[in-house]
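Worksheet: the structure to be examined is printed underneath.
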Amino acid sequence: MNADIEIKLPYPEDSFAPVLSREAVSLHVHGHHLGYLKKLAHLIKGTPFEHHPLEEIIAETRMSCEHCCVFNNAAQAWNHDFFWRSLGPVDKGGKPNGALLRKIERDYGSFQALKMHIASTAEKRFGSGWVWLAELNGRLGVFTTPNGETPAANPDFRPIVTIDLWEHAYYLDWHNHRSEYVNAVLDRLVDWNAASKRVKEE
């Protein structure tokens, strides 16, 4: 992993406004996300992890007290990358379709009911973390993970969408109104067209 790594979002940094301002996105990307990657590059330099992809680093360090800093930074880097790929330009993300829509209606009754469940689950997460829509054992589920925990190393857990619940993701624009932030992301930023392509066809 190169310490001079750069992060290129799928879209310009002002694509998420007014839900997320360009200033907030820039700080998130270049301050926090890039910070995890640079710290990870420093930690693994000269070690067997140096040339491994994030998923392998996460799997190999997940249960290791010795490598907890490596795990935390690798996991946060992976989560952030998936978060950016969960989003799209404001009001351009479409609606769930195909297998995702069928599974939403089967497991939650309606798309609106699913969004309400995601928002409710996010609101109940105490402290920092992530909320995920994922497939597990063929069923859709909404889960939260604390701090830097990640599903990346679990082959049975297929993430579809995630929303960052750390304060650095929303405080500049939304202050302490996490629920409003989550609902705005769900309604206006999640790229449901891309999410639909992550679901396994039955």
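Chain labels A, B, ... are given in the sequence in which chains occur in the structure tokens; within each chain residues are numbered consecutively from 1, and ligands are likewise numbered from 1 in the order shown.
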Next on the checklist: Quick one: residues within 9 Å of region 174-179 of chain A, only C-alpha atoms, excluding same-chain residues fewer than 4 positions away - as a ChimeraX atom specification?
Outcome noted: /A:19-20,119-120,122-123,165,167,170,183-184
Next on the checklist: So that I can see what lies close to region 29-31 of chain A, please list as a PyMOL selection string the residues with an atom at most 12 Å from it, counting only C-alpha atoms and leaving out residues fewer than 5 positions away in the same chain.
Outcome noted: chain A and resi 5-9+12-13+22-24+36-39+76-77+80-81+83-84+168-169
Item to check | Residue set, chain A restricted to strand (DSSP E or B), as a PyMOL selection string | outcome: chain A and resi 87+129-136+139-146+157-164+190
Next on the checklist: Please compute the CA of Ala59 (chain A)-CA of Ser26 (chain A) distance, one decimal, in Å.
Outcome noted: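 Spanning CA of Ala59 (chain A) to CA of Ser26 (chain A) is a straight-line distance of 29.3 Å.
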Checklist entry - Pick from A:Leu114, A:Phe157, A:Met63, A:Val70: nearest to Thr47 (chain A), with only C-alpha atoms counted? => result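 Among A:Leu114, A:Phe157, A:Met63, A:Val70, it is A:Val70 that comes nearest to Thr47 (chain A).
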Checklist entry - Which residue, A:Asp107, A:Lys124, A:Gly46, A:Trp166, has the smallest gap to Gly141 (chain A) when you use only C-alpha atoms? => result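 Comparing A:Asp107, A:Lys124, A:Gly46, A:Trp166 against Gly141 (chain A), the winner is A:Asp107.
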Checklist entry - Do you know which residues are at most 8 Å from region 147-150 of chain A counting only C-alpha atoms, after dropping those on the same chain fewer than 4 positions away, and could you put them as a ChimeraX atom specification? => result /A:72-73,75-76,78-79,127-130,166
Generate the output file for the selected residues, C-alpha atoms, as a compact mmCIF listing (two decimals), in the first residue's frame.
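This is the output file part_12.txt:
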```
# COMPACT_ATOMS: atom_id res chain seq x y z
CA ASN A 72 -9.14 -0.62 12.87
CA ASN A 73 -7.56 1.46 10.13
CA ALA A 75 -11.68 -1.70 8.44
CA GLN A 76 -12.43 2.02 8.48
CA TRP A 78 -12.93 -0.38 3.65
CA ASN A 79 -16.14 0.90 5.26
CA GLY A 127 -22.00 6.25 19.75
CA SER A 128 -20.12 5.90 16.49
CA GLY A 129 -20.59 3.18 13.91
CA TRP A 130 -22.36 2.16 10.73
CA TRP A 166 -19.69 8.71 12.92
```
Checklist entry - If we count only C-alpha atoms, what is near Pro159 (chain A) at a cut-off of 9 Å, once residues fewer than 6 positions away on the same chain are taken out, given as a list in words? => result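 Near neighbours after the sequence-gap exclusion: Phe82, Trp132, Leu133, Ala134, Glu135, Leu136, Pro151, Ala152, Arg198 and Val199 of chain A.
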Kindly export the residues of the current selection with all heavy atoms, as a PDB file, in the first residue's frame.
```pdb
ATOM      1  N   PHE A  82     -16.849   1.719   0.828  1.00  0.00           N
ATOM      2  CA  PHE A  82     -18.181   1.191   0.514  1.00  0.00           C
ATOM      3  C   PHE A  82     -19.253   2.259   0.715  1.00  0.00           C
ATOM      4  O   PHE A  82     -20.239   2.309  -0.031  1.00  0.00           O
ATOM      5  CB  PHE A  82     -18.488  -0.046   1.362  1.00  0.00           C
ATOM      6  CG  PHE A  82     -19.662  -0.829   0.847  1.00  0.00           C
ATOM      7  CD1 PHE A  82     -19.497  -1.750  -0.178  1.00  0.00           C
ATOM      8  CD2 PHE A  82     -20.933  -0.625   1.354  1.00  0.00           C
ATOM      9  CE1 PHE A  82     -20.583  -2.450  -0.681  1.00  0.00           C
ATOM     10  CE2 PHE A  82     -22.022  -1.316   0.860  1.00  0.00           C
ATOM     11  CZ  PHE A  82     -21.853  -2.237  -0.167  1.00  0.00           C
ATOM     12  N   TRP A 132     -26.103  -0.863   8.117  1.00  0.00           N
ATOM     13  CA  TRP A 132     -25.951  -1.625   6.881  1.00  0.00           C
ATOM     14  C   TRP A 132     -27.280  -2.235   6.455  1.00  0.00           C
ATOM     15  O   TRP A 132     -28.027  -2.757   7.297  1.00  0.00           O
ATOM     16  CB  TRP A 132     -24.971  -2.790   7.078  1.00  0.00           C
ATOM     17  CG  TRP A 132     -23.627  -2.410   7.575  1.00  0.00           C
ATOM     18  CD1 TRP A 132     -23.259  -2.208   8.878  1.00  0.00           C
ATOM     19  CD2 TRP A 132     -22.468  -2.173   6.790  1.00  0.00           C
ATOM     20  NE1 TRP A 132     -21.939  -1.869   8.952  1.00  0.00           N
ATOM     21  CE2 TRP A 132     -21.425  -1.835   7.686  1.00  0.00           C
ATOM     22  CE3 TRP A 132     -22.211  -2.232   5.418  1.00  0.00           C
ATOM     23  CZ2 TRP A 132     -20.135  -1.551   7.249  1.00  0.00           C
ATOM     24  CZ3 TRP A 132     -20.926  -1.945   4.977  1.00  0.00           C
ATOM     25  CH2 TRP A 132     -19.904  -1.601   5.884  1.00  0.00           C
ATOM     26  N   LEU A 133     -27.545  -2.204   5.170  1.00  0.00           N
ATOM     27  CA  LEU A 133     -28.531  -3.093   4.556  1.00  0.00           C
ATOM     28  C   LEU A 133     -27.714  -4.183   3.891  1.00  0.00           C
ATOM     29  O   LEU A 133     -26.797  -3.894   3.112  1.00  0.00           O
ATOM     30  CB  LEU A 133     -29.378  -2.362   3.521  1.00  0.00           C
ATOM     31  CG  LEU A 133     -30.303  -3.249   2.665  1.00  0.00           C
ATOM     32  CD1 LEU A 133     -31.359  -3.936   3.524  1.00  0.00           C
ATOM     33  CD2 LEU A 133     -30.937  -2.439   1.545  1.00  0.00           C
ATOM     34  N   ALA A 134     -28.022  -5.423   4.217  1.00  0.00           N
ATOM     35  CA  ALA A 134     -27.200  -6.521   3.715  1.00  0.00           C
ATOM     36  C   ALA A 134     -28.038  -7.772   3.531  1.00  0.00           C
ATOM     37  O   ALA A 134     -29.155  -7.886   4.048  1.00  0.00           O
ATOM     38  CB  ALA A 134     -26.057  -6.804   4.678  1.00  0.00           C
ATOM     39  N   GLU A 135     -27.471  -8.704   2.788  1.00  0.00           N
ATOM     40  CA  GLU A 135     -28.044 -10.046   2.667  1.00  0.00           C
ATOM     41  C   GLU A 135     -27.273 -10.988   3.569  1.00  0.00           C
ATOM     42  O   GLU A 135     -26.041 -10.984   3.584  1.00  0.00           O
ATOM     43  CB  GLU A 135     -27.938 -10.552   1.230  1.00  0.00           C
ATOM     44  CG  GLU A 135     -29.028 -10.108   0.307  1.00  0.00           C
ATOM     45  CD  GLU A 135     -28.974 -10.861  -1.007  1.00  0.00           C
ATOM     46  OE1 GLU A 135     -28.067 -10.578  -1.810  1.00  0.00           O
ATOM     47  OE2 GLU A 135     -29.836 -11.725  -1.238  1.00  0.00           O
ATOM     48  N   LEU A 136     -27.979 -11.802   4.312  1.00  0.00           N
ATOM     49  CA  LEU A 136     -27.375 -12.811   5.156  1.00  0.00           C
ATOM     50  C   LEU A 136     -28.241 -14.057   5.087  1.00  0.00           C
ATOM     51  O   LEU A 136     -29.428 -14.017   5.423  1.00  0.00           O
ATOM     52  CB  LEU A 136     -27.266 -12.310   6.599  1.00  0.00           C
ATOM     53  CG  LEU A 136     -26.526 -13.198   7.595  1.00  0.00           C
ATOM     54  CD1 LEU A 136     -25.067 -13.372   7.176  1.00  0.00           C
ATOM     55  CD2 LEU A 136     -26.597 -12.604   9.002  1.00  0.00           C
ATOM     56  N   PRO A 151     -18.200  -5.743   8.035  1.00  0.00           N
ATOM     57  CA  PRO A 151     -18.580  -7.074   7.567  1.00  0.00           C
ATOM     58  C   PRO A 151     -17.664  -7.600   6.473  1.00  0.00           C
ATOM     59  O   PRO A 151     -17.894  -8.671   5.927  1.00  0.00           O
ATOM     60  CB  PRO A 151     -19.986  -6.837   6.998  1.00  0.00           C
ATOM     61  CG  PRO A 151     -19.921  -5.442   6.485  1.00  0.00           C
ATOM     62  CD  PRO A 151     -19.041  -4.688   7.460  1.00  0.00           C
ATOM     63  N   ALA A 152     -16.612  -6.876   6.143  1.00  0.00           N
ATOM     64  CA  ALA A 152     -15.795  -7.215   4.974  1.00  0.00           C
ATOM     65  C   ALA A 152     -15.198  -8.612   5.036  1.00  0.00           C
ATOM     66  O   ALA A 152     -14.985  -9.244   4.000  1.00  0.00           O
ATOM     67  CB  ALA A 152     -14.671  -6.191   4.807  1.00  0.00           C
ATOM     68  N   ARG A 198     -25.999  -5.281  -6.500  1.00  0.00           N
ATOM     69  CA  ARG A 198     -25.214  -6.033  -5.513  1.00  0.00           C
ATOM     70  C   ARG A 198     -25.967  -7.237  -4.952  1.00  0.00           C
ATOM     71  O   ARG A 198     -25.408  -8.024  -4.202  1.00  0.00           O
ATOM     72  CB  ARG A 198     -24.802  -5.117  -4.356  1.00  0.00           C
ATOM     73  CG  ARG A 198     -23.942  -3.947  -4.784  1.00  0.00           C
ATOM     74  CD  ARG A 198     -23.416  -3.152  -3.597  1.00  0.00           C
ATOM     75  NE  ARG A 198     -22.662  -1.999  -4.077  1.00  0.00           N
ATOM     76  CZ  ARG A 198     -23.054  -0.743  -3.957  1.00  0.00           C
ATOM     77  NH1 ARG A 198     -24.197  -0.469  -3.327  1.00  0.00           N
ATOM     78  NH2 ARG A 198     -22.333   0.227  -4.455  1.00  0.00           N
ATOM     79  N   VAL A 199     -27.230  -7.365  -5.306  1.00  0.00           N
ATOM     80  CA  VAL A 199     -28.066  -8.416  -4.739  1.00  0.00           C
ATOM     81  C   VAL A 199     -27.963  -9.675  -5.596  1.00  0.00           C
ATOM     82  O   VAL A 199     -27.978  -9.616  -6.821  1.00  0.00           O
ATOM     83  CB  VAL A 199     -29.535  -7.953  -4.654  1.00  0.00           C
ATOM     84  CG1 VAL A 199     -30.426  -9.071  -4.166  1.00  0.00           C
ATOM     85  CG2 VAL A 199     -29.640  -6.755  -3.730  1.00  0.00           C
TER      86      VAL A 199
END
```
Item to check | One-decimal distance in Å that lies between CA of Val190 (chain A) and CA of Lys95 (chain A) | outcome: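 A separation of 9.3 Å between them.
If only C-alpha atoms are the atoms counted, then among A:Pro155, A:Pro146, A:Gly98, A:Gly93 the closest residue to Phe16 (chain A) is A:Gly93.
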Please provide as a PDB file with C-alpha atoms, in the first residue's frame all residues within 10 Å of Trp192 (chain A), with the sequence filter that same-chain residues fewer than 4 positions apart are discarded (counting only C-alpha atoms).
```pdb
ATOM      1  CA  SER A  86     -23.400   3.506  -1.666  1.00  0.00           C
ATOM      2  CA  LEU A  87     -24.086   7.139  -2.589  1.00  0.00           C
ATOM      3  CA  GLY A  88     -24.811   9.003  -5.796  1.00  0.00           C
ATOM      4  CA  LYS A  92     -30.220  10.719  -8.978  1.00  0.00           C
ATOM      5  CA  GLY A  93     -30.143   7.339  -7.223  1.00  0.00           C
ATOM      6  CA  GLY A  94     -33.424   5.994  -8.554  1.00  0.00           C
ATOM      7  CA  LYS A  95     -35.398   3.262  -6.796  1.00  0.00           C
ATOM      8  CA  PRO A  96     -34.600  -0.360  -5.973  1.00  0.00           C
ATOM      9  CA  ASN A  97     -35.314  -2.699  -8.850  1.00  0.00           C
ATOM     10  CA  LEU A 100     -33.528  -6.125  -4.559  1.00  0.00           C
ATOM     11  CA  LEU A 101     -37.040  -4.758  -4.916  1.00  0.00           C
ATOM     12  CA  ILE A 160     -25.777  -3.656  -0.159  1.00  0.00           C
ATOM     13  CA  VAL A 161     -25.781  -0.146   1.343  1.00  0.00           C
ATOM     14  CA  LEU A 186     -31.841   7.510   2.400  1.00  0.00           C
ATOM     15  CA  SER A 196     -29.773  -3.296  -6.886  1.00  0.00           C
ATOM     16  CA  LYS A 197     -26.782  -4.722  -8.749  1.00  0.00           C
ATOM     17  CA  ARG A 198     -25.214  -6.033  -5.513  1.00  0.00           C
TER      18      ARG A 198
END
```
Checklist entry - Of the candidates A:Cys65, A:Val90, A:Ile118, A:Leu140, which one gets nearest to Glu105 (chain A) if we count only C-alpha atoms? => result A:Leu140
Checklist entry - A:Val182, A:Leu172, A:Val131, A:His33: which is nearest Ser21 (chain A), counting only C-alpha atoms? => result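 Using only C-alpha atoms, the shortest distance to Ser21 (chain A) belongs to A:Leu172.
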